[in-house]
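**Student:** Below you will find the structure I want to go over with you.
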Amino acid sequence: MAASVKDVAAVAGVSVGTVSNVMNRPEKVSLAVATRVQAAIDQLGFVRNDAARQLRAGRSSTIGLVVLDVRNPFFTDLARGAEDRAAADGFSVILGNSDEKADREATYLDLFEVQRMHGVLISPFGDITDRLRKLRDRGIPAVLVDRTSADDSFSSVSVDDIAGGALAVGHLLAKGRRRIAFIGGPLEIKQVSDRLTGASTAVATVPGATLEVILTDGLSVIAGREAGAELVSRDPARRPDAVFAANDLVATGVLQALIMQGADVRVPEHIALIGYDDIDFASAAVVPLSSVRQPSALIGQTAVEILLEEAADASLAPRQIVFQPELVVRESSV
Ligand code: RIB
């Protein structure tokens, strides 16, 4: 099998990005590193793929990142991880916010194509596999962040959200809660439907436990506040004894509604609450929030690493990296 850029990097003991610099931007590397990489190229008989290189010629040293909601600290932490990793190899990151809207998402992808981005990272709203294929055919690789690729045709870096949902609800059940409510939406967002699947699986293991699904039209503090206000308006006997919110923004809104003056609901005594992401505000909430932690910055870093590798060697097979979520228990659920 022909040697790849990855093989050269391994033999030279440098990153794929450095090998790419030696070949395309030699002024960026020291003579010692360039000599080591050249020796590895000679040793392996590596021949660069000129067709792919020419396709990519003229691309900028900028990576485009599209996130679902720029107000969500989960995505700003992810963007920060991507930016730090990209900067280490001399790349910049341009951030686009799809705002969970397919048309905005499409506009950013068109822009990134026209701008000949070095590559694209995206947390997609819908199924955009065909659009990403077109980008790749034009020499612009793409890596999905926070989502798996439906048919494994693109690399992705995500978190096991089914396991995360099961972890959150398993914790509430272990604390003796039996009337669980899931608050979040829309279910078109795969992360949300996966978390609900995990929650349902956990509830099904405990006889007598129930799961009420309260759908929201977005994952915001306001959506959480509205759902929480509806719970407060109910007869206490009809309220759940625990809430699993699809992310920490929703959980924060639910918490505000439950503990506001006059609501007369105590967290966690009457209703235990857990969110998802473990953003910084989770620990800073009036009642510190339990959450399911995702390694947001690491997702961004890892995605950039894979993207740079794929930009340097278009023959690399797509990879699916799935991190495991972690339960963080605080006052809101104990
Ligand atoms: O945007 C969807 C959600 O997925 C975010 O809130 C964050 O939890 C991400 O994982």
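How things are named: the first chain in the structure tokens is A, the next is B, and so on; residues count from 1 in each chain; ligands count from 1 in the order shown.
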Which residues sit within 8 Å of ligand 1, counting only C-alpha atoms and all ligand atoms, listed as a list in words?

**Tutor:**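 Within the 8 Å cut-off, the matching residues are Val67, Leu68, Asp69, Asn72, Phe74, Phe75, Glu100, Asp146, Val159, Asp161, Ile189, Lys190, Gln191, Val192, Leu219, Ala246, Asn247, Asp248, Leu249, Tyr276, Asp277 and Gln294 of chain A.
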
**Student:** Would you please extract all strand (DSSP E) residues from range 63-261 of chain A, as assigned by DSSP on the backbone, and give them as a PyMOL selection string?

**Tutor:** chain A and resi 63-67+92-97+119-122+142-145+155-159+179-184+210-215+242-245

**Student:** Give me the residues near range 299-311 of chain A as number ranges by chain, where near means some atom within 10 Å (using only C-alpha atoms) and where sequence neighbours in that chain fewer than 3 positions away do not count.

**Tutor:** A: 5-6, 15-20, 52-53, 56, 63, 65, 75-86, 89, 91, 93, 118-122, 136, 139-146, 155-159, 294-296, 314-319, 321-323

**Student:** Do you know which residues are at most 10 Å from range 172-188 of chain A counting only C-alpha atoms, after dropping those on the same chain fewer than 3 positions away, and could you put them as a PyMOL selection string?

**Tutor:** chain A and resi 100+125-127+165-169+191-196+199-200+202-203+205-220+223-224+227-228+231+238-247+250-251+254+271-275+333-334

**Student:** Using only C-alpha atoms, determine which residues lie at most 9 Å from Leu44 in chain A, disregarding the query and same-chain residues fewer than 6 positions distant; provide the list as a VMD selection string.

**Tutor:** chain A and resid 2 to 4 7 to 8 11

**Student:** According to DSSP computed on the backbone, where in range 91-183 of chain A is there alpha helix (DSSP H)? Give the residues as a PyMOL selection string.

**Tutor:** chain A and resi 102-114+129-137+161-174

**Student:** Calculated over only C-alpha atoms, which of the candidates A:Ser332, A:Ser61, A:Thr35, A:Ser153 has the smallest distance to Phe112 in chain A?

**Tutor:**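 Once distances to Phe112 in chain A are computed over only C-alpha atoms, the minimum belongs to A:Ser61.
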
**Student:** From the list A:Ala312, A:Ala102, A:Ile128, A:Ala282, which residue is nearest Ala150 in chain A when using only C-alpha atoms?

**Tutor:** A:Ile128

**Student:** Taking only C-alpha atoms into account, which of A:Asn21, A:Ser290, A:Gln256, A:Thr62 comes nearest Glu331 in chain A?

**Tutor:**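 Smallest distance to Glu331 in chain A is found for A:Ser290.
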
**Student:** Work out how far apart CA of Glu226 in chain A and CA of Arg330 in chain A are and give it in Å to one decimal.

**Tutor:**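 Separation of CA of Glu226 in chain A and CA of Arg330 in chain A: 23.5 Å.
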